[in-house]
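Visitor: This is the structure, below, for whatever I ask next.
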Amino acid sequence: MKAIAVTPGTPNSVHLNELPKPSVDDIADGRGVLVRVLKVGVDATDREINDALYGNAPEGYDFLVIGHESFGIVEEVGDAVTHVKPGDYVSCTVRRPGGSIYDVIGHNDMTSEEVYYERGINLRHGYLTEFFVDDLEYIVRIPESVKHLGVLAEPASVVAKAVEQVYEAQRRLLVWEPKTAFVLGSGQIGLLATLALRLKGVEVYTLARSAAEGNIKAEIAEGYTGHYVSTAETSIDDLVAKVGRPDIIFESTGSSWIAFDAMRHLGLNGAMVWTSITGGDNEATIPADKINLEWVLGNKLMLGSVNGNFRHFRQGIADLLQGEMTYPGVTEKILTHPIDGLDNYQQMMDLLVEAMALKVYVNVAEG
Ligand code: BGC
Ligand code: ZN
């Protein structure tokens with residue numbers, strides 16, 4: 001079967017490769033779930049893997065099949081599988097366990113090992129192919145009513161984890177009730193974070209460079225009843241002067257400079273969560289004394305958050321569902337750039353470098 005792959009270490013090596021069709025029996029003890037791939041989303045991670053900034057091939061291969069945002073339909077299940085059946089729509093988690101205690105207890109998103117195994121990213125083949133098989137533990141069912149958003153299950157899981165982490169960590173404050181959040185960036189993660197935080201009743205300001213006028217990202221943020229703020233028109237300093245400092249800053253711009261600089265604006269007792277993966281080696285100047293002083297005097301919290309495990313997929317899908325009930329028809333506007341079939345892999349990569357392409361995804365098969 002066809003698969004879109006890269007040669008790790010070689011920039012711009014995206015190509016079509018071949019893998020044998022997997023079988024449900026590839027997974028021992030009747031725990032296999034064979035999935036026919038319907039759609040796969042791509043993001044900046046796929047672009048940076050193709051730029052050879054990171055990503056390694058699985059043992060025994062000189063290529064890595066990319067694509068970690070999966071959506072498909074169950075074709076066949078082993079005897080031990082009870083939570084999904086053939087015909088169900090599913091997504092599949094990304095990270096696979098290493099050997100640390102976190103991996104052993106089902107929290108592989110929190111692994112304490114340097115090497116991590118992620119399908120489509122590092123040391124495991126991804127989903128940009130026709131079929132995949134995996135252990136029942138990693139297969140997450142997607143209700144029929146949000147199957148049109150199924151390809152967003154993975155990014156929604158990343159957001160669900162980051163938001164969960166903020167609330168978990170802020171239990172240190174005993175009575176913390178966040179009123180406002182600044183979401184930095186209006187890519188898929190920023191927009192889904194806008195949704196998740198609105199569903200929690202937080203007033204959300206979604207900040208990004210582009211003008212609001214005729215901008216689909218602004219339309220989506222406002223569709224979730226968030227406030228879209230174009231930093232070309234209103235600087236973050238002006239916004240703070242107007243609405244005060246936020247209780248939460250959710251950083252998802254892809255710019256490490258913005259991530260550091262925005263620390264100036266977090267409110268007292270606030271929490272800032274970073275979700276951008278910045279593969280480069282940029283350096284930046286920041287007002288370090290000022291930030292240090294204010295963070296100490298304000299008991300502020302910084303946390304990084306990566307990946308999402310099975311539970312976060314479930315929460316992310318629940319958010320997509322609740323989003324449909326609360327803000328019907330808004331989330332599907334994220335799905336801006338469909339690609340027709342695996343053969344069009346070059347078009348897929350080319351679109352990923354276009355800033356206005358909010359969500360690029362491949363229609364692998366009908367279903
Ligand atoms: C993926 C995560 C992954 C992270 C680090 C992100 O693009 O969505 O699942 O853990 O990259 O590789
Ligand atoms: Zn991703």
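Please note that chains go A, B, ... in the order of the structure tokens, that every chain numbers its residues from 1, and that ligands are numbered from 1 in the order shown.
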Would you mind writing down, as a PyMOL selection string, each residue of region 209-327 of chain A that DSSP on the backbone assigns to strand (DSSP E or B)?

Guide: chain A and resi 227-230+248-251+271-274+301-304

Visitor: May I ask you to write as a PDB file with N, CA and C atoms, in the first residue's frame all residues lying at most 8 Å from ligand 1, with only C-alpha atoms and all ligand atoms counted?

Guide:
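Done, and the output landed in selection-v9.pdb:
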ATOM      1  N   ASP A  43       0.556  19.194  10.067  1.00  0.00           N
ATOM      2  CA  ASP A  43       0.796  20.465  10.755  1.00  0.00           C
ATOM      3  C   ASP A  43       2.267  20.847  10.650  1.00  0.00           C
ATOM      4  N   ALA A  44       2.667  21.843  11.430  1.00  0.00           N
ATOM      5  CA  ALA A  44       4.038  22.350  11.356  1.00  0.00           C
ATOM      6  C   ALA A  44       5.060  21.262  11.696  1.00  0.00           C
ATOM      7  N   THR A  45       4.661  20.298  12.509  1.00  0.00           N
ATOM      8  CA  THR A  45       5.572  19.198  12.842  1.00  0.00           C
ATOM      9  C   THR A  45       5.964  18.435  11.578  1.00  0.00           C
ATOM     10  N   ASP A  46       4.987  18.153  10.715  1.00  0.00           N
ATOM     11  CA  ASP A  46       5.298  17.438   9.465  1.00  0.00           C
ATOM     12  C   ASP A  46       6.233  18.274   8.586  1.00  0.00           C
ATOM     13  N   HIS A  68       0.505  12.318  11.826  1.00  0.00           N
ATOM     14  CA  HIS A  68       0.171  11.817  13.171  1.00  0.00           C
ATOM     15  C   HIS A  68      -1.255  12.158  13.585  1.00  0.00           C
ATOM     16  N   GLU A  69      -2.000  12.854  12.703  1.00  0.00           N
ATOM     17  CA  GLU A  69      -3.382  13.239  13.052  1.00  0.00           C
ATOM     18  C   GLU A  69      -4.341  12.338  12.273  1.00  0.00           C
ATOM     19  N   THR A  93      -3.931   7.368  19.100  1.00  0.00           N
ATOM     20  CA  THR A  93      -2.979   8.242  19.784  1.00  0.00           C
ATOM     21  C   THR A  93      -1.624   8.201  19.079  1.00  0.00           C
ATOM     22  N   VAL A  94      -0.732   9.092  19.459  1.00  0.00           N
ATOM     23  CA  VAL A  94       0.527   9.294  18.746  1.00  0.00           C
ATOM     24  C   VAL A  94       1.703   8.638  19.471  1.00  0.00           C
ATOM     25  N   ARG A  95       1.791   8.861  20.764  1.00  0.00           N
ATOM     26  CA  ARG A  95       2.981   8.415  21.491  1.00  0.00           C
ATOM     27  C   ARG A  95       2.858   6.960  21.945  1.00  0.00           C
ATOM     28  N   ASP A 109       2.599  10.323  27.655  1.00  0.00           N
ATOM     29  CA  ASP A 109       2.774  11.744  27.292  1.00  0.00           C
ATOM     30  C   ASP A 109       3.674  12.461  28.300  1.00  0.00           C
ATOM     31  N   GLU A 118       6.945   8.241  18.736  1.00  0.00           N
ATOM     32  CA  GLU A 118       5.681   8.831  18.295  1.00  0.00           C
ATOM     33  C   GLU A 118       5.389   8.430  16.863  1.00  0.00           C
ATOM     34  N   ILE A 121       6.273  10.683  13.763  1.00  0.00           N
ATOM     35  CA  ILE A 121       7.206  11.741  14.181  1.00  0.00           C
ATOM     36  C   ILE A 121       8.577  11.164  14.529  1.00  0.00           C
ATOM     37  N   ASN A 122       8.606  10.183  15.396  1.00  0.00           N
ATOM     38  CA  ASN A 122       9.902   9.656  15.819  1.00  0.00           C
ATOM     39  C   ASN A 122       9.866   8.146  16.066  1.00  0.00           C
ATOM     40  N   GLU A 154      -6.739  14.619  17.178  1.00  0.00           N
ATOM     41  CA  GLU A 154      -5.385  14.701  17.743  1.00  0.00           C
ATOM     42  C   GLU A 154      -5.039  16.107  18.225  1.00  0.00           C
ATOM     43  N   PRO A 155      -5.182  17.145  17.361  1.00  0.00           N
ATOM     44  CA  PRO A 155      -4.920  18.487  17.896  1.00  0.00           C
ATOM     45  C   PRO A 155      -5.810  18.827  19.093  1.00  0.00           C
ATOM     46  N   VAL A 158      -4.190  17.504  22.177  1.00  0.00           N
ATOM     47  CA  VAL A 158      -3.045  18.310  22.620  1.00  0.00           C
ATOM     48  C   VAL A 158      -3.538  19.502  23.453  1.00  0.00           C
ATOM     49  N   ILE A 277       6.250  23.877  19.374  1.00  0.00           N
ATOM     50  CA  ILE A 277       7.497  23.128  19.197  1.00  0.00           C
ATOM     51  C   ILE A 277       8.340  23.991  18.258  1.00  0.00           C
ATOM     52  N   VAL A 306       3.122  18.783  26.198  1.00  0.00           N
ATOM     53  CA  VAL A 306       3.261  18.141  24.884  1.00  0.00           C
ATOM     54  C   VAL A 306       2.361  16.914  24.803  1.00  0.00           C
ATOM     55  N   ASN A 307       1.899  16.638  23.568  1.00  0.00           N
ATOM     56  CA  ASN A 307       1.228  15.377  23.293  1.00  0.00           C
ATOM     57  C   ASN A 307      -0.100  15.262  24.051  1.00  0.00           C
ATOM     58  N   GLY A 308      -0.774  14.157  23.851  1.00  0.00           N
ATOM     59  CA  GLY A 308      -2.010  13.888  24.558  1.00  0.00           C
ATOM     60  C   GLY A 308      -2.167  12.377  24.607  1.00  0.00           C
TER      61      GLY A 308
END

Visitor: Using DSSP on the backbone, list every residue of region 144-364 of chain A that comes out as alpha helix (DSSP H), and give them as an MDAnalysis selection string.

Guide: chainID A and resid 153:169 188:199 216:223 236:243 256:261 288:297 310:326 345:352

Visitor: Next, the residues of the selection above should be written as a short mmCIF file (atom, residue, chain, number, x, y, z; two decimals), in the first residue's frame with C-alpha atoms.

Guide:
data_model
loop_
_atom_site.label_atom_id
_atom_site.label_comp_id
_atom_site.auth_asym_id
_atom_site.auth_seq_id
_atom_site.Cartn_x
_atom_site.Cartn_y
_atom_site.Cartn_z
CA ALA A 153 -9.18 14.64 17.36
CA GLU A 154 -5.38 14.70 17.74
CA PRO A 155 -4.92 18.49 17.90
CA ALA A 156 -7.94 18.63 20.23
CA SER A 157 -6.16 16.11 22.48
CA VAL A 158 -3.04 18.31 22.62
CA VAL A 159 -5.23 21.25 23.71
CA ALA A 160 -7.19 19.14 26.20
CA LYS A 161 -3.95 18.06 27.85
CA ALA A 162 -2.53 21.59 28.05
CA VAL A 163 -5.74 22.96 29.57
CA GLU A 164 -5.99 20.04 31.98
CA GLN A 165 -2.39 20.63 33.08
CA VAL A 166 -3.09 24.29 33.82
CA TYR A 167 -6.09 23.47 36.00
CA GLU A 168 -4.30 20.56 37.72
CA ALA A 169 -1.27 22.71 38.54
CA GLN A 188 -5.54 25.02 14.85
CA ILE A 189 -4.15 24.76 18.39
CA GLY A 190 -4.94 28.39 19.24
CA LEU A 191 -8.47 28.09 17.87
CA LEU A 192 -9.19 24.79 19.61
CA ALA A 193 -7.78 26.30 22.83
CA THR A 194 -10.17 29.22 22.35
CA LEU A 195 -13.00 26.69 22.16
CA ALA A 196 -11.86 24.62 25.16
CA LEU A 197 -11.46 27.71 27.37
CA ARG A 198 -14.78 29.24 26.27
CA LEU A 199 -16.47 25.95 27.18
CA ILE A 216 -11.33 32.97 8.64
CA LYS A 217 -9.32 32.59 11.87
CA ALA A 218 -10.93 35.71 13.32
CA GLU A 219 -14.33 34.45 12.19
CA ILE A 220 -13.78 31.13 13.98
CA ALA A 221 -12.50 32.73 17.21
CA GLU A 222 -15.49 35.09 17.24
CA GLY A 223 -17.76 32.15 16.34
CA ILE A 236 -0.52 43.13 23.54
CA ASP A 237 0.47 46.06 25.79
CA ASP A 238 -2.56 48.03 24.57
CA LEU A 239 -4.81 45.05 25.18
CA VAL A 240 -3.51 44.68 28.74
CA ALA A 241 -4.10 48.41 29.31
CA LYS A 242 -7.68 47.87 28.18
CA VAL A 243 -8.71 44.54 29.76
CA SER A 256 9.91 31.27 21.05
CA TRP A 257 10.49 35.02 21.27
CA ILE A 258 6.75 35.67 21.68
CA ALA A 259 6.59 32.84 24.22
CA PHE A 260 9.20 34.56 26.41
CA ASP A 261 8.09 38.14 25.78
CA ALA A 288 14.77 39.27 32.31
CA ASP A 289 15.03 41.27 35.58
CA LYS A 290 11.52 42.60 35.23
CA ILE A 291 10.03 39.20 34.45
CA ASN A 292 11.98 37.49 37.23
CA LEU A 293 10.83 40.08 39.77
CA GLU A 294 7.20 39.99 38.74
CA TRP A 295 7.04 36.23 38.55
CA VAL A 296 8.42 35.84 42.05
CA LEU A 297 6.27 38.60 43.55
CA PHE A 310 -5.88 8.28 25.47
CA ARG A 311 -7.72 10.26 28.18
CA HIS A 312 -6.87 13.57 26.47
CA PHE A 313 -8.20 12.25 23.15
CA ARG A 314 -11.46 11.44 24.93
CA GLN A 315 -11.59 14.92 26.45
CA GLY A 316 -10.66 16.55 23.13
CA ILE A 317 -13.44 14.67 21.35
CA ALA A 318 -15.86 15.63 24.14
CA ASP A 319 -14.88 19.27 23.58
CA LEU A 320 -15.49 18.93 19.83
CA LEU A 321 -18.93 17.45 20.61
CA GLN A 322 -19.85 20.12 23.13
CA GLY A 323 -18.49 22.70 20.68
CA GLU A 324 -20.95 21.50 18.05
CA MET A 325 -23.83 21.85 20.48
CA THR A 326 -22.78 25.26 21.76
CA TYR A 345 1.92 14.76 -1.27
CA GLN A 346 3.90 17.60 -2.85
CA GLN A 347 0.86 19.88 -2.88
CA MET A 348 0.30 18.91 0.77
CA MET A 349 3.84 20.00 1.73
CA ASP A 350 3.69 23.18 -0.37
CA LEU A 351 0.47 24.27 1.36
CA LEU A 352 2.07 23.75 4.78
#

Visitor: Given the choices A:Phe182, A:Tyr54, A:Phe71, A:Tyr117, which gets closest to His148 (chain A) if the distance is worked out from only C-alpha atoms?

Guide: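 Between A:Phe182, A:Tyr54, A:Phe71, A:Tyr117, the residue approaching His148 (chain A) most closely is A:Phe71.
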
Visitor: Find the residues near region 125-137 of chain A: any atom within 6 Å, counting only C-alpha atoms, skip ones fewer than 5 places away on the same chain, and give them as number ranges by chain.

Guide: A: 2-4, 31-37, 64-68, 119-120

Visitor: Restricted to C-alpha atoms, what would the selected residues look like written as a PDB file, in the first residue's frame?

Guide:
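Below is the file that was written, out_7.pdb:
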ATOM      1  CA  LYS A   2       1.043   3.611  -0.591  1.00  0.00           C
ATOM      2  CA  ALA A   3       2.539   5.773   2.140  1.00  0.00           C
ATOM      3  CA  ILE A   4       3.862   9.334   2.291  1.00  0.00           C
ATOM      4  CA  ARG A  31      -5.686  -6.935  20.886  1.00  0.00           C
ATOM      5  CA  GLY A  32      -5.296  -5.663  17.309  1.00  0.00           C
ATOM      6  CA  VAL A  33      -7.528  -3.083  15.639  1.00  0.00           C
ATOM      7  CA  LEU A  34      -7.146  -2.767  11.859  1.00  0.00           C
ATOM      8  CA  VAL A  35      -8.155   0.665  10.591  1.00  0.00           C
ATOM      9  CA  ARG A  36      -8.789   1.889   7.040  1.00  0.00           C
ATOM     10  CA  VAL A  37      -7.460   5.446   6.857  1.00  0.00           C
ATOM     11  CA  LEU A  64       9.669   7.406   8.108  1.00  0.00           C
ATOM     12  CA  VAL A  65       6.000   7.453   7.146  1.00  0.00           C
ATOM     13  CA  ILE A  66       4.699  10.806   8.383  1.00  0.00           C
ATOM     14  CA  GLY A  67       1.247  11.991   9.522  1.00  0.00           C
ATOM     15  CA  HIS A  68       0.171  11.817  13.171  1.00  0.00           C
ATOM     16  CA  ARG A 119       3.822   7.524  15.276  1.00  0.00           C
ATOM     17  CA  GLY A 120       4.614   9.703  12.279  1.00  0.00           C
TER      18      GLY A 120
END

Visitor: Counting only C-alpha atoms, figure out which residue out of A:Pro8, A:Gly187, A:Pro328, A:Pro287 gets nearest to Leu53 (chain A).

Guide: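 Closest residue, counting only C-alpha atoms: A:Pro8.
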
Visitor: Considering only C-alpha atoms and all ligand atoms, state which residue in the set A:Leu184, A:Ile286, A:Val151, A:Ala208 is at the smallest distance from ligand 2.

Guide: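 Nearest to ligand 2: A:Val151.
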
Visitor: Grab the CA of Ser235 (chain A) to atom 1 (Zn, counted along the ligand's line) of ligand 2 distance for me, in Å with one decimal place.

Guide: 28.1 Å

Visitor: Pick the closest to ligand 2 from A:Val330, A:Ile248, A:Leu174, A:Ile49: which is it, counting only C-alpha atoms and all ligand atoms?

Guide: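 Among the listed residues, A:Ile49 lies closest to ligand 2.
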
Visitor: When you draw a straight line from CA of Pro246 (chain A) to CA of Thr278 (chain A), how long is it in Å?

Guide: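 Computing the Euclidean distance for CA of Pro246 (chain A) and CA of Thr278 (chain A) yields 24.1 Å.
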
Visitor: Give me the residues near Pro86 (chain A) as a list in words, where near means some atom within 7 Å (using only C-alpha atoms) and where sequence neighbours in that chain fewer than 4 positions away do not count.

Guide: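 Result of the neighbour search: Val74, Glu75, Glu76 and Val77 of chain A.
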
Visitor: Keeping only C-alpha atoms, write the selected residues to a file as an mmCIF file, in the first residue's frame.

Guide:
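Below is the file result20.cif, written as the result:
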data_model
loop_
_atom_site.group_PDB
_atom_site.id
_atom_site.type_symbol
_atom_site.label_atom_id
_atom_site.label_comp_id
_atom_site.auth_asym_id
_atom_site.auth_seq_id
_atom_site.Cartn_x
_atom_site.Cartn_y
_atom_site.Cartn_z
ATOM 1 C CA VAL A 74 -12.406 0.121 11.839
ATOM 2 C CA GLU A 75 -12.050 -2.729 9.347
ATOM 3 C CA GLU A 76 -11.373 -5.691 11.651
ATOM 4 C CA VAL A 77 -10.750 -6.324 15.359
#

Visitor: Just to confirm, what's the straight-line distance from CA of Lys200 (chain A) to CA of Pro178 (chain A) in Å (one decimal)?

Guide: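 Computing the Euclidean distance for CA of Lys200 (chain A) and CA of Pro178 (chain A) yields 9.4 Å.
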
Visitor: Between A:Pro11, A:Gly99, A:Gly150, A:Gly226, which is the closest to Val40 (chain A) once you count only C-alpha atoms?

Guide: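 Nearest to Val40 (chain A): A:Gly150.
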
Visitor: Which residue out of A:Ser23, A:Thr275, A:Thr7, A:Asn269 has the minimum interatomic distance to ligand 2 when only C-alpha atoms and all ligand atoms are used?

Guide: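 Smallest separation from ligand 2 among the options: A:Thr275.
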